[in-house]
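Student: Sharing structure.pdb, PDB, C-alpha atoms and all ligand atoms:
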```
ATOM      1  CA  MET O   1       6.777  25.025  18.047  1.00  0.00           C
ATOM      2  CA  ARG O   2       3.285  26.434  17.987  1.00  0.00           C
ATOM      3  CA  ARG O   3       1.840  29.476  16.364  1.00  0.00           C
ATOM      4  CA  GLY O   4      -1.600  30.923  16.054  1.00  0.00           C
ATOM      5  CA  CYS O   5      -2.829  31.781  12.570  1.00  0.00           C
ATOM      6  CA  THR O   6      -5.946  33.027  10.885  1.00  0.00           C
ATOM      7  CA  SER O   7      -7.529  30.835   8.238  1.00  0.00           C
ATOM      8  CA  LEU O   8      -7.829  32.000   4.659  1.00  0.00           C
ATOM      9  CA  GLY O   9     -10.576  29.443   4.183  1.00  0.00           C
ATOM     10  CA  ASP O  10      -8.583  26.841   2.290  1.00  0.00           C
ATOM     11  CA  ILE O  11      -7.439  24.614   5.141  1.00  0.00           C
ATOM     12  CA  SER O  12      -8.937  22.005   7.395  1.00  0.00           C
ATOM     13  CA  CYS O  13      -8.279  20.753  10.883  1.00  0.00           C
ATOM     14  CA  ASP O  14      -5.975  17.727  11.049  1.00  0.00           C
ATOM     15  CA  GLU O  15      -7.784  16.437  14.110  1.00  0.00           C
ATOM     16  CA  CYS O  16     -11.519  16.686  13.366  1.00  0.00           C
ATOM     17  CA  HIS O  17     -11.082  17.280   9.597  1.00  0.00           C
ATOM     18  CA  ARG O  18     -13.601  20.061   9.389  1.00  0.00           C
ATOM     19  CA  THR O  19     -12.843  23.023   7.160  1.00  0.00           C
ATOM     20  CA  ILE O  20     -11.646  26.039   9.083  1.00  0.00           C
ATOM     21  CA  PRO O  21     -13.687  28.967   7.752  1.00  0.00           C
ATOM     22  CA  HIS O  22     -12.129  32.169   6.498  1.00  0.00           C
ATOM     23  CA  GLY O  23     -11.194  34.465   9.346  1.00  0.00           C
ATOM     24  CA  GLU O  24     -11.282  31.796  12.048  1.00  0.00           C
ATOM     25  CA  ARG O  25      -8.231  31.298  14.214  1.00  0.00           C
ATOM     26  CA  TYR O  26      -6.317  28.053  14.188  1.00  0.00           C
ATOM     27  CA  LEU O  27      -3.116  26.703  15.624  1.00  0.00           C
ATOM     28  CA  ILE O  28      -0.126  25.215  13.842  1.00  0.00           C
ATOM     29  CA  ILE O  29       1.877  22.721  15.837  1.00  0.00           C
ATOM     30  CA  GLU O  30       5.199  21.537  14.546  1.00  0.00           C
ATOM     31  CA  GLY O  31       5.807  18.050  15.786  1.00  0.00           C
ATOM     32  CA  GLN O  32       8.713  15.716  15.451  1.00  0.00           C
ATOM     33  CA  ASP O  33      10.198  15.330  11.962  1.00  0.00           C
ATOM     34  CA  GLY O  34       8.905  18.810  11.119  1.00  0.00           C
ATOM     35  CA  VAL O  35       5.371  17.585  10.461  1.00  0.00           C
ATOM     36  CA  GLU O  36       2.890  20.384  10.897  1.00  0.00           C
ATOM     37  CA  LEU O  37      -0.526  19.788  12.393  1.00  0.00           C
ATOM     38  CA  ARG O  38      -3.321  22.316  12.064  1.00  0.00           C
ATOM     39  CA  LEU O  39      -5.837  22.388  14.874  1.00  0.00           C
ATOM     40  CA  CYS O  40      -9.093  24.317  14.866  1.00  0.00           C
ATOM     41  CA  VAL O  41     -10.088  26.342  17.893  1.00  0.00           C
ATOM     42  CA  GLU O  42     -12.219  23.575  19.326  1.00  0.00           C
ATOM     43  CA  CYS O  43      -9.485  20.945  19.071  1.00  0.00           C
ATOM     44  CA  SER O  44      -6.934  23.394  20.476  1.00  0.00           C
ATOM     45  CA  LEU O  45      -9.186  23.954  23.475  1.00  0.00           C
ATOM     46  CA  ASN O  46      -9.766  20.222  23.891  1.00  0.00           C
ATOM     47  CA  ARG O  47      -6.036  19.551  23.910  1.00  0.00           C
ATOM     48  CA  GLY O  48      -5.299  22.400  26.303  1.00  0.00           C
ATOM     49  CA  TYR O  49      -3.334  24.417  23.743  1.00  0.00           C
ATOM     50  CA  ALA O  50      -5.690  27.348  23.939  1.00  0.00           C
ATOM     51  CA  ARG O  51      -8.127  28.942  26.315  1.00  0.00           C
ATOM     52  CA  TYR O  52     -10.555  31.786  26.488  1.00  0.00           C
ATOM     53  CA  ARG O  53      -9.945  34.590  28.888  1.00  0.00           C
ATOM     54  CA  LYS O  54     -12.289  37.404  29.702  1.00  0.00           C
ATOM     55  CA  GLU O  55     -11.166  40.922  29.080  1.00  0.00           C
ATOM     56  CA  LYS O  56     -13.443  43.944  29.345  1.00  0.00           C
ATOM     57  CA  GLY O  57     -16.490  41.737  29.043  1.00  0.00           C
ATOM     58  CA  LYS O  58     -15.275  39.991  25.881  1.00  0.00           C
ATOM     59  CA  GLU O  59     -13.944  36.510  25.549  1.00  0.00           C
ATOM     60  CA  ILE O  60     -10.558  36.502  23.912  1.00  0.00           C
ATOM     61  CA  LEU O  61      -8.971  33.367  22.547  1.00  0.00           C
ATOM     62  CA  THR O  62      -5.394  32.822  23.605  1.00  0.00           C
ATOM     63  CA  PHE O  63      -3.065  30.254  22.131  1.00  0.00           C
ATOM     64  CA  PHE O  64      -0.376  29.199  24.513  1.00  0.00           C
ATOM     65  CA  PRO O  65       3.141  29.666  23.236  1.00  0.00           C
ATOM     66  CA  GLY O  66       5.132  26.481  22.883  1.00  0.00           C
ATOM     67  CA  GLU O  67       7.972  27.167  25.288  1.00  0.00           C
ATOM     68  CA  ASP O  68       7.216  23.898  27.073  1.00  0.00           C
ATOM     69  CA  ASP O  69       7.787  21.906  23.873  1.00  0.00           C
ATOM     70  CA  VAL O  70      10.766  19.617  23.810  1.00  0.00           C
ATOM     71  CA  GLN O  71      13.031  20.538  20.937  1.00  0.00           C
TER      72      GLN O  71
HETATM   73 ZN    ZN B 101     -10.607  20.399  14.850  1.00  0.00          ZN
END
```
With the file now loaded, output its structure as structure tokens.
Ligand SMILES: [Zn+2]
Tutor:
Amino acid sequence: MRRGCTSLGDISCDECHRTIPHGERYLIIEGQDGVELRLCVECSLNRGYARYRKEKGKEILTFFPGEDDVQ
């Protein structure tokens, strides 16, 4: 399961370990055994879990829903 969230400033990325600043989007991935991983935008993009799309001249970040995850 994946869901996009907005940081309250008190969390860090489990991949690159940088602090995710207040107001920045991040992704929660629930892996096997119910372990949750938090990925910052950059790591989400690197892993292919998110992408930017252009809409009305703005770049909008989209997190892919996790329907392809194996339950
Ligand atoms: Zn990261």
Student: Between O:Leu61, O:Ile28, O:Cys16, O:Val35, which residue has the minimum interatomic distance to ligand ZN 101 (chain B), considering all atoms listed in the file?
Tutor: O:Cys16
Student: Give me the residues within 7 Å of segment 2-12 of chain O as a PyMOL selection string, counting all atoms listed in the file and dropping any in the same chain fewer than 4 places off.
Tutor: chain O and resi 17-30+63+65-66
Student: Let me see the file: selected residues, C-alpha atoms, as a compact mmCIF listing (two decimals), in the coordinates of the input.
Tutor:
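Output file again-v6.txt is given in full below:
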```txt
# COMPACT_ATOMS: atom_id res chain seq x y z
CA HIS O 17 -11.08 17.28 9.60
CA ARG O 18 -13.60 20.06 9.39
CA THR O 19 -12.84 23.02 7.16
CA ILE O 20 -11.65 26.04 9.08
CA PRO O 21 -13.69 28.97 7.75
CA HIS O 22 -12.13 32.17 6.50
CA GLY O 23 -11.19 34.47 9.35
CA GLU O 24 -11.28 31.80 12.05
CA ARG O 25 -8.23 31.30 14.21
CA TYR O 26 -6.32 28.05 14.19
CA LEU O 27 -3.12 26.70 15.62
CA ILE O 28 -0.13 25.22 13.84
CA ILE O 29 1.88 22.72 15.84
CA GLU O 30 5.20 21.54 14.55
CA PHE O 63 -3.06 30.25 22.13
CA PRO O 65 3.14 29.67 23.24
CA GLY O 66 5.13 26.48 22.88
```
Student: Do you have the atom CA of Gln32 of chain O-atom CA of Leu45 of chain O distance handy?
Tutor: 21.3 Å
Student: Could the residues of chain O that have an atom at most 6 Å from ligand ZN 101 (chain B) be listed as a tab-separated table, each with its closest atom pair and the distance in Å to one decimal, counting all atoms listed in the file and ordered by chain and ascending residue number?
Tutor:
```
residue	atom	partner	partner_atom	distance
O:Cys13	CA	B:ZN101	ZN	4.6
O:Glu15	CA	B:ZN101	ZN	4.9
O:Cys16	CA	B:ZN101	ZN	4.1
O:Leu39	CA	B:ZN101	ZN	5.2
O:Cys40	CA	B:ZN101	ZN	4.2
O:Glu42	CA	B:ZN101	ZN	5.7
O:Cys43	CA	B:ZN101	ZN	4.4
```
Student: Using atom CA of Ser44 of chain O and atom CA of Lys58 of chain O as the two end points, give the distance in Å to one decimal.
Tutor: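 Atom CA of Lys58 of chain O lies 19.3 Å from atom CA of Ser44 of chain O.
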Student: Identify which of the residues O:Phe64, O:Lys56, O:Met1, O:Asp14 lies closest to Gly31 of chain O, counting all atoms listed in the file when measuring atom-to-atom distances.
Tutor: O:Met1
Student: In Å, how far is it from atom CA of Thr62 of chain O to atom CA of Arg47 of chain O?
Tutor: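 Answer for the atom CA of Thr62 of chain O to atom CA of Arg47 of chain O separation: 13.3 Å.
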Student: Just need the box for segment 9-15 of chain O, edges along x, y and z, holding every atom the file lists for it with 4 Å tacked onto each side, so centre and edge lengths in Å to one decimal, as lines of an AutoDock Vina configuration file.
Tutor:
```
center_x = -8.3
center_y = 22.9
center_z = 8.2
size_x = 12.6
size_y = 21.0
size_z = 19.8
```
Student: Quick one: segment 40-56 of chain O with all heavy atoms, as a CSV table (one decimal), in the first residue's frame?
Tutor:
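Saved as out-v3.csv:
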```csv
chain,number,residue,atom,x,y,z
O,40,CYS,N,11.2,10.5,0.5
O,40,CYS,CA,11.0,11.9,0.1
O,40,CYS,C,10.7,11.9,-1.4
O,40,CYS,O,10.8,10.9,-2.1
O,40,CYS,CB,12.3,12.6,0.4
O,40,CYS,SG,13.7,12.2,-0.6
O,41,VAL,N,10.4,13.1,-1.9
O,41,VAL,CA,10.0,13.2,-3.3
O,41,VAL,C,11.1,12.7,-4.2
O,41,VAL,O,10.9,12.0,-5.2
O,41,VAL,CB,9.7,14.7,-3.6
O,41,VAL,CG1,9.6,14.9,-5.1
O,41,VAL,CG2,8.5,15.1,-2.9
O,42,GLU,N,12.4,13.1,-3.9
O,42,GLU,CA,13.5,12.7,-4.8
O,42,GLU,C,13.6,11.2,-4.9
O,42,GLU,O,13.8,10.6,-5.9
O,42,GLU,CB,14.7,13.3,-4.3
O,42,GLU,CG,15.8,13.5,-5.4
O,42,GLU,CD,16.9,14.5,-4.9
O,42,GLU,OE1,16.5,15.6,-4.4
O,42,GLU,OE2,18.0,14.1,-5.0
O,43,CYS,N,13.5,10.5,-3.7
O,43,CYS,CA,13.7,9.0,-3.7
O,43,CYS,C,12.5,8.4,-4.4
O,43,CYS,O,12.6,7.3,-5.0
O,43,CYS,CB,13.9,8.5,-2.3
O,43,CYS,SG,15.4,9.1,-1.5
O,44,SER,N,11.3,9.0,-4.2
O,44,SER,CA,10.1,8.4,-4.9
O,44,SER,C,10.2,8.5,-6.4
O,44,SER,O,9.9,7.6,-7.1
O,44,SER,CB,8.8,9.2,-4.4
O,44,SER,OG,8.6,9.1,-3.1
O,45,LEU,N,10.8,9.6,-6.8
O,45,LEU,CA,11.0,9.8,-8.3
O,45,LEU,C,12.1,8.8,-8.8
O,45,LEU,O,11.9,8.1,-9.8
O,45,LEU,CB,11.5,11.2,-8.6
O,45,LEU,CG,10.4,12.3,-8.4
O,45,LEU,CD1,11.1,13.7,-8.5
O,45,LEU,CD2,9.4,12.2,-9.5
O,46,ASN,N,13.1,8.6,-8.0
O,46,ASN,CA,14.2,7.7,-8.4
O,46,ASN,C,13.7,6.3,-8.5
O,46,ASN,O,14.2,5.5,-9.3
O,46,ASN,CB,15.4,7.8,-7.4
O,46,ASN,CG,16.2,9.0,-7.5
O,46,ASN,OD1,16.1,9.7,-8.5
O,46,ASN,ND2,16.9,9.4,-6.5
O,47,ARG,N,12.8,5.9,-7.6
O,47,ARG,CA,12.3,4.5,-7.6
O,47,ARG,C,11.1,4.3,-8.5
O,47,ARG,O,10.6,3.2,-8.6
O,47,ARG,CB,11.8,4.2,-6.2
O,47,ARG,CG,13.0,3.9,-5.2
O,47,ARG,CD,12.4,3.3,-4.0
O,47,ARG,NE,13.4,2.9,-3.0
O,47,ARG,CZ,13.2,2.0,-2.1
O,47,ARG,NH1,12.0,1.4,-2.0
O,47,ARG,NH2,14.1,1.7,-1.2
O,48,GLY,N,10.6,5.4,-9.2
O,48,GLY,CA,9.5,5.3,-10.1
O,48,GLY,C,8.2,5.3,-9.4
O,48,GLY,O,7.2,4.8,-10.0
O,49,TYR,N,8.1,5.7,-8.2
O,49,TYR,CA,6.8,5.7,-7.5
O,49,TYR,C,6.1,7.0,-7.7
O,49,TYR,O,5.0,7.2,-7.2
O,49,TYR,CB,7.1,5.5,-6.0
O,49,TYR,CG,7.5,4.2,-5.6
O,49,TYR,CD1,8.3,4.0,-4.4
O,49,TYR,CD2,7.2,3.1,-6.3
O,49,TYR,CE1,8.7,2.7,-4.0
O,49,TYR,CE2,7.7,1.8,-6.0
O,49,TYR,CZ,8.4,1.6,-4.8
O,49,TYR,OH,8.8,0.4,-4.5
O,50,ALA,N,6.8,8.0,-8.2
O,50,ALA,CA,6.1,9.3,-8.4
O,50,ALA,C,6.7,9.9,-9.7
O,50,ALA,O,7.7,9.5,-10.2
O,50,ALA,CB,6.4,10.2,-7.3
O,51,ARG,N,5.9,10.9,-10.3
O,51,ARG,CA,6.4,11.6,-11.4
O,51,ARG,C,5.8,13.0,-11.4
O,51,ARG,O,4.8,13.2,-10.7
O,51,ARG,CB,6.1,10.8,-12.7
O,51,ARG,CG,4.6,10.8,-13.1
O,51,ARG,CD,4.4,10.0,-14.3
O,51,ARG,NE,3.0,9.8,-14.5
O,51,ARG,CZ,2.2,10.7,-15.2
O,51,ARG,NH1,2.7,11.7,-15.8
O,51,ARG,NH2,0.9,10.4,-15.3
O,52,TYR,N,6.4,13.8,-12.2
O,52,TYR,CA,5.9,15.1,-12.4
O,52,TYR,C,5.1,15.1,-13.7
O,52,TYR,O,5.5,14.6,-14.7
O,52,TYR,CB,7.0,16.2,-12.5
O,52,TYR,CG,7.5,16.6,-11.1
O,52,TYR,CD1,8.8,16.2,-10.7
O,52,TYR,CD2,6.8,17.4,-10.3
O,52,TYR,CE1,9.3,16.5,-9.5
O,52,TYR,CE2,7.3,17.7,-9.0
O,52,TYR,CZ,8.6,17.3,-8.7
O,52,TYR,OH,9.1,17.7,-7.4
O,53,ARG,N,3.9,15.7,-13.7
O,53,ARG,CA,3.2,16.0,-14.9
O,53,ARG,C,2.9,17.5,-15.0
O,53,ARG,O,2.8,18.1,-14.0
O,53,ARG,CB,2.0,15.1,-15.0
O,53,ARG,CG,0.9,15.5,-14.1
O,53,ARG,CD,-0.2,14.5,-14.1
O,53,ARG,NE,-1.1,14.6,-13.0
O,53,ARG,CZ,-2.1,15.5,-12.9
O,53,ARG,NH1,-2.3,16.3,-13.9
O,53,ARG,NH2,-2.8,15.6,-11.8
O,54,LYS,N,2.9,17.9,-16.3
O,54,LYS,CA,2.6,19.3,-16.5
O,54,LYS,C,1.1,19.6,-16.7
O,54,LYS,O,0.5,18.8,-17.4
O,54,LYS,CB,3.4,19.8,-17.8
O,54,LYS,CG,4.9,19.8,-17.6
O,54,LYS,CD,5.4,21.2,-18.0
O,54,LYS,CE,6.8,21.4,-17.5
O,54,LYS,NZ,7.7,21.9,-18.5
O,55,GLU,N,0.6,20.5,-16.0
O,55,GLU,CA,-0.7,20.9,-16.1
O,55,GLU,C,-0.9,22.4,-16.0
O,55,GLU,O,-0.5,23.0,-15.0
O,55,GLU,CB,-1.5,20.2,-15.0
O,55,GLU,CG,-3.0,20.2,-15.2
O,55,GLU,CD,-3.8,19.4,-14.2
O,55,GLU,OE1,-3.8,18.1,-14.4
O,55,GLU,OE2,-4.3,19.9,-13.2
O,56,LYS,N,-1.4,23.0,-17.1
O,56,LYS,CA,-1.6,24.5,-17.1
O,56,LYS,C,-0.3,25.2,-16.8
O,56,LYS,O,-0.2,26.1,-16.0
O,56,LYS,CB,-2.7,24.9,-16.2
O,56,LYS,CG,-4.0,24.4,-16.6
O,56,LYS,CD,-5.1,24.7,-15.6
O,56,LYS,CE,-6.4,24.1,-15.9
O,56,LYS,NZ,-7.3,24.0,-14.8
```
